[in-house]
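Comments concern the structure below.
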Amino acid sequence: MKNIAVLISGGVDSAVVVHQLCEQGYRPDLHYIKIGMEGEDSSCSSEEDIELSQATARKYGLRLEVTDLQREYWEQVVGYTIERVRQGLTPNPDVMCNRLIKFGAFEERIGKDYDLVATGHYAQRIEEDGLVWLGTARDPVKDQTDFLAQLSYEQLCHTIFPIGHLMKEEVRDIALKAGLPSARRKDSQGICFLGKINYNDFLRRFMGEREGRVIDIETGKVVGTHRGYWFHTIGQRKGLGLGGGPWFVVKKNIRKNIIFVAHGWDTQLQYGHDFRLADLHLISEKNEVRSEKNEVRSEKNEMRSEKNEVRSEKNEVRSEKRNVSDSLNSTPEENVSSSHLSLLTSHPKDFPITFKIRHVDHFMPGTITLDDEGYHVHSDQPIQGIAPGQFGCIYDAEHRICLGSGEIGIYKDR
């Protein structure tokens with residue numbers, strides 16, 4: 001029997017993970033991660049979270065441990081957030097929290113002692129050709145692969161997503177029928193570490209305020225003022241305080257503290273067709289492949305297809321985990337990885353993909369090309385609010401597999 005840890009939050013999703021595992025005969029240990037500031041309203045480690053986690057543990061007779069990762073969170077994730085904001089970029093702290101804290105610091109301190117770590121994320125594990133892939137959830141509205149796209153291959157291989165094959169309504173129904181303490185609890189919203197604090201109040205605490213001009217980019221006229229470029233992001237419409245709208249933020253001058261806006265629902269200035277990824281992180285690219293040049297990558301890919309003995313060894317390892325992975329939502333797919341490997345092992349040009357640039361319930365079609373400046377993504381469809389600093393998340397053309405993500409960069413001529 002595998003030794004499994006469950007990251008529990010006090011919400012319904014992670015509670016159903018516990019229920020599913022217990023129904024299948026496992027006795028997981030439950031771990032609640034504290035990542036707020038002790039003694040402050042911003043603490044995400046609320047008494048209600050812990051009380052509900054304790055109630056779930058008692059219901060199934062399981063052990064619950066509260067792990068304090070506040071210092072690591074504030075040094076790494078909050079530090080990253082403030083630094084990106086200072087640069088005029090739009091950060092995504094939830095993405096970095098998953099990579100550095102929930103699957104990083106926790107793994108280094110505790111998770112490494114378990115065979116697998118289970119979470120309530122809406123995603124799936126897909127195994128094919130000796131590789132593990134991050135698969136999208138069955139529920140497109142709840143899919144969270146964009147928040148997981150910065151995980152390392154090792155982190156993904158050590159993680160299972162037992163509810164990723166379920167719709168949210170099914171998860172809620174399971175919780176109600178099982179009488180779980182959090183069955184009727186509403187889903188959490190917003191950035192995890194802020195709790196009840198407004199995001200602008202958080203930025204004001206660290207960045208202060210500095211008045212600047214708001215300029216209509218089409219006419220060059222000053223149409224208002226703002227309290228600091230760090231309070232605004234590309235594509236933003238609400239909270240500008242301008243009359244006669246709608247107005248959209250389309251550009252920022254960081255040095256002069258100027259916000260440029262465009263007017264009207266149909267303004268094409270809020271849209272683009274292209275963006276660059278400053279550093280594309282590909283999840284299922286093996287460590288030894290990662291460190292080599294593309295020519296060596298291609299050779300190793302050919303070697304992988306020729307070495308049946310190596311493949312059979314990997315299949316044996318995979319078959320040892322089959323009982324666990326099959327029951328815990330690891331989905332085998334046919335011919336999933338063959339086409340994707342060409343993206344991992346060569347210089348792609350107009351490689352067909354789908355993508356997201358924010359957490360939405362749909363995927364946009366496009367192509368990706370690698371050139372001298374890095375990865376370039378193009379879509380024939382207009383892309384609204386391309387914000388440097390946010391993560392562009394890359395999927396296969398059928399958006400079944402999340403290949404990875406990278407920070408959206410600024411073009412050299414801008």
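Note on naming: chains are A, B, ... as they come in the structure tokens, residues start from 1 per chain, ligands start from 1 in the order shown.
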
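Residues in contact range of A:His359, defined as at most 10 Å between only C-alpha atoms, with sequence neighbours fewer than 5 positions away removed, read Val141, Lys142, Asp143, Gln144, Thr145, Asp146, Phe147, Phe391 and Cys393 of chain A.
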
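Counting only C-alpha atoms, stretch 1-17 of chain A has the following residues at most 7 Å away, ignoring those fewer than 2 positions along the same chain: His19, Gln20, Leu21, Pro28, Asp29, Leu30, His31, Tyr32, Asp49, Ile50, Leu52, Ser53, Thr56, Tyr114, Asp115, Leu116, Val117, Ala118, Thr119, Gly120, Pro162, Ile163, Val171, Ala175, Ser182, Ala183, Arg185 and Asp187 of chain A.
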
Okay, now the selection with N, CA and C atoms, as a compact mmCIF listing (two decimals), in the first residue's frame?
# COMPACT_ATOMS: atom_id res chain seq x y z
N HIS A 19 -11.72 11.67 1.00
CA HIS A 19 -12.80 10.67 0.95
C HIS A 19 -12.53 9.62 -0.12
N GLN A 20 -12.14 10.05 -1.32
CA GLN A 20 -11.89 9.11 -2.41
C GLN A 20 -10.78 8.13 -2.07
N LEU A 21 -9.71 8.65 -1.48
CA LEU A 21 -8.59 7.78 -1.12
C LEU A 21 -8.99 6.77 -0.05
N PRO A 28 -4.27 8.03 4.10
CA PRO A 28 -3.31 9.12 3.89
C PRO A 28 -3.11 9.96 5.14
N ASP A 29 -1.97 10.61 5.22
CA ASP A 29 -1.73 11.64 6.22
C ASP A 29 -2.16 12.98 5.62
N LEU A 30 -2.79 13.82 6.43
CA LEU A 30 -3.28 15.11 5.96
C LEU A 30 -2.34 16.21 6.41
N HIS A 31 -2.08 17.15 5.50
CA HIS A 31 -1.17 18.26 5.81
C HIS A 31 -1.82 19.57 5.39
N TYR A 32 -1.91 20.48 6.37
CA TYR A 32 -2.41 21.83 6.12
C TYR A 32 -1.23 22.79 6.15
N ASP A 49 -10.46 27.26 8.34
CA ASP A 49 -9.75 26.31 7.49
C ASP A 49 -9.25 25.12 8.30
N ILE A 50 -8.57 25.44 9.39
CA ILE A 50 -7.97 24.39 10.21
C ILE A 50 -9.04 23.55 10.90
N LEU A 52 -12.09 22.91 9.85
CA LEU A 52 -12.70 22.01 8.86
C LEU A 52 -11.74 20.88 8.48
N SER A 53 -10.46 21.19 8.39
CA SER A 53 -9.46 20.14 8.11
C SER A 53 -9.41 19.13 9.25
N THR A 56 -12.45 16.86 9.09
CA THR A 56 -12.30 15.83 8.06
C THR A 56 -11.36 14.72 8.55
N TYR A 114 7.06 10.64 1.40
CA TYR A 114 5.89 9.90 0.95
C TYR A 114 6.10 9.37 -0.45
N ASP A 115 5.34 8.32 -0.78
CA ASP A 115 5.38 7.78 -2.14
C ASP A 115 4.72 8.74 -3.13
N LEU A 116 3.61 9.36 -2.70
CA LEU A 116 2.87 10.28 -3.56
C LEU A 116 2.26 11.38 -2.71
N VAL A 117 2.03 12.53 -3.34
CA VAL A 117 1.32 13.64 -2.70
C VAL A 117 0.06 13.91 -3.52
N ALA A 118 -1.09 13.94 -2.86
CA ALA A 118 -2.37 14.17 -3.53
C ALA A 118 -2.87 15.57 -3.23
N THR A 119 -3.43 16.22 -4.24
CA THR A 119 -4.00 17.56 -4.05
C THR A 119 -5.40 17.62 -4.68
N GLY A 120 -6.14 18.67 -4.35
CA GLY A 120 -7.48 18.86 -4.88
C GLY A 120 -7.52 19.71 -6.13
N PRO A 162 -6.69 13.31 -7.71
CA PRO A 162 -7.79 12.33 -7.70
C PRO A 162 -9.14 12.85 -8.15
N ILE A 163 -9.37 14.16 -8.23
CA ILE A 163 -10.69 14.65 -8.66
C ILE A 163 -10.65 15.30 -10.04
N VAL A 171 -18.16 16.68 -7.70
CA VAL A 171 -17.37 16.76 -6.47
C VAL A 171 -18.25 17.23 -5.32
N ALA A 175 -19.36 15.13 -1.87
CA ALA A 175 -19.17 15.69 -0.53
C ALA A 175 -20.46 15.69 0.27
N SER A 182 -17.01 20.19 4.97
CA SER A 182 -16.91 21.35 4.07
C SER A 182 -17.80 21.24 2.84
N ALA A 183 -18.78 20.34 2.87
CA ALA A 183 -19.59 20.04 1.68
C ALA A 183 -20.28 21.27 1.12
N ARG A 185 -19.33 24.48 1.77
CA ARG A 185 -18.48 25.67 1.84
C ARG A 185 -18.25 26.23 0.44
N ASP A 187 -16.35 28.12 -2.68
CA ASP A 187 -14.97 28.09 -3.17
C ASP A 187 -14.26 29.38 -2.80

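Counting only C-alpha atoms and comparing A:Tyr73, A:Phe248, A:Trp133, A:Phe351, the residue that lies closest to A:Thr159 is A:Trp133.
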
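Taking atom CA of A:Gln381 as the reference point, atom CA of A:Met364 is found at 7.8 Å.
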
Distance query A:Gln390 at most 10 Å, only C-alpha atoms, self and fewer than 6 positions along chain excluded, as a PDB file with C-alpha atoms, in the first residue's frame:
ATOM      1  CA  ARG A  84       7.596  42.075 -10.652  1.00  0.00           C
ATOM      2  CA  LEU A  89       4.900  43.642 -14.834  1.00  0.00           C
ATOM      3  CA  THR A  90       1.780  41.688 -13.879  1.00  0.00           C
ATOM      4  CA  PRO A  91       2.785  38.858 -11.531  1.00  0.00           C
ATOM      5  CA  ASN A  92       0.947  35.612 -10.833  1.00  0.00           C
ATOM      6  CA  PRO A  93       1.718  34.679  -7.208  1.00  0.00           C
ATOM      7  CA  VAL A  95       1.559  30.015  -9.991  1.00  0.00           C
ATOM      8  CA  THR A 233      -2.331  46.083 -15.535  1.00  0.00           C
ATOM      9  CA  LEU A 277       7.597  34.030 -23.767  1.00  0.00           C
ATOM     10  CA  ILE A 357      -2.738  34.072 -20.990  1.00  0.00           C
ATOM     11  CA  ARG A 358      -4.983  34.246 -17.909  1.00  0.00           C
ATOM     12  CA  SER A 405       4.317  27.984 -19.488  1.00  0.00           C
ATOM     13  CA  GLY A 406       6.534  31.039 -19.535  1.00  0.00           C
ATOM     14  CA  GLU A 407       6.380  34.680 -18.518  1.00  0.00           C
ATOM     15  CA  ILE A 408       5.071  36.957 -21.224  1.00  0.00           C
ATOM     16  CA  GLY A 409       7.954  39.227 -22.204  1.00  0.00           C
TER      17      GLY A 409
END

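Candidate residues A:Ile258, A:Ala137, A:Leu203, A:Ile126 were compared for distance to A:Gly224, and the nearest is A:Ile258, using only C-alpha atoms.
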
Excluding A:Lys238 and its own-chain neighbours fewer than 6 positions away, which residues fall within 10 Å of it when counting only C-alpha atoms? Please give them as a ChimeraX atom specification. /A:232,245-249

Okay, now the selection with C-alpha atoms, as an mmCIF file, in the first residue's frame?
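Saved to out35.cif:
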data_model
loop_
_atom_site.group_PDB
_atom_site.id
_atom_site.type_symbol
_atom_site.label_atom_id
_atom_site.label_comp_id
_atom_site.auth_asym_id
_atom_site.auth_seq_id
_atom_site.Cartn_x
_atom_site.Cartn_y
_atom_site.Cartn_z
ATOM 1 C CA HIS A 232 -2.792 48.875 -13.018
ATOM 2 C CA GLY A 245 -16.148 54.761 -20.488
ATOM 3 C CA PRO A 246 -15.385 52.081 -21.104
ATOM 4 C CA TRP A 247 -11.638 52.698 -20.926
ATOM 5 C CA PHE A 248 -8.956 50.004 -21.154
ATOM 6 C CA VAL A 249 -5.329 50.159 -20.043
#

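For A:Cys157, the residues within 10 Å (counting only C-alpha atoms, excluding itself and residues fewer than 5 positions away along the chain) are Leu116, Val117, Arg125, Glu127, Leu131, Val132, Trp133, Leu134, Leu151, Ser152 and Ser284 of chain A.
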
Contacts of A:Ile33 at 7 Å (only C-alpha atoms; same-chain gap of 5+ positions) as JSON, numbers by chain: {"A": [66, 67, 68, 69]}

Any chance you can output those residues with N, CA and C atoms as a tab-separated table (two decimals), in the first residue's frame?
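Output file selection_13.tsv follows:
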chain	number	residue	atom	x	y	z
A	66	VAL	N	-0.17	20.44	10.79
A	66	VAL	CA	-0.14	21.81	10.28
A	66	VAL	C	1.32	22.19	10.06
A	67	THR	N	1.66	22.54	8.83
A	67	THR	CA	3.04	22.85	8.46
A	67	THR	C	3.18	24.34	8.20
A	68	ASP	N	4.05	25.00	8.95
A	68	ASP	CA	4.23	26.45	8.84
A	68	ASP	C	5.29	26.77	7.78
A	69	LEU	N	4.83	27.32	6.66
A	69	LEU	CA	5.73	27.74	5.58
A	69	LEU	C	5.59	29.24	5.32
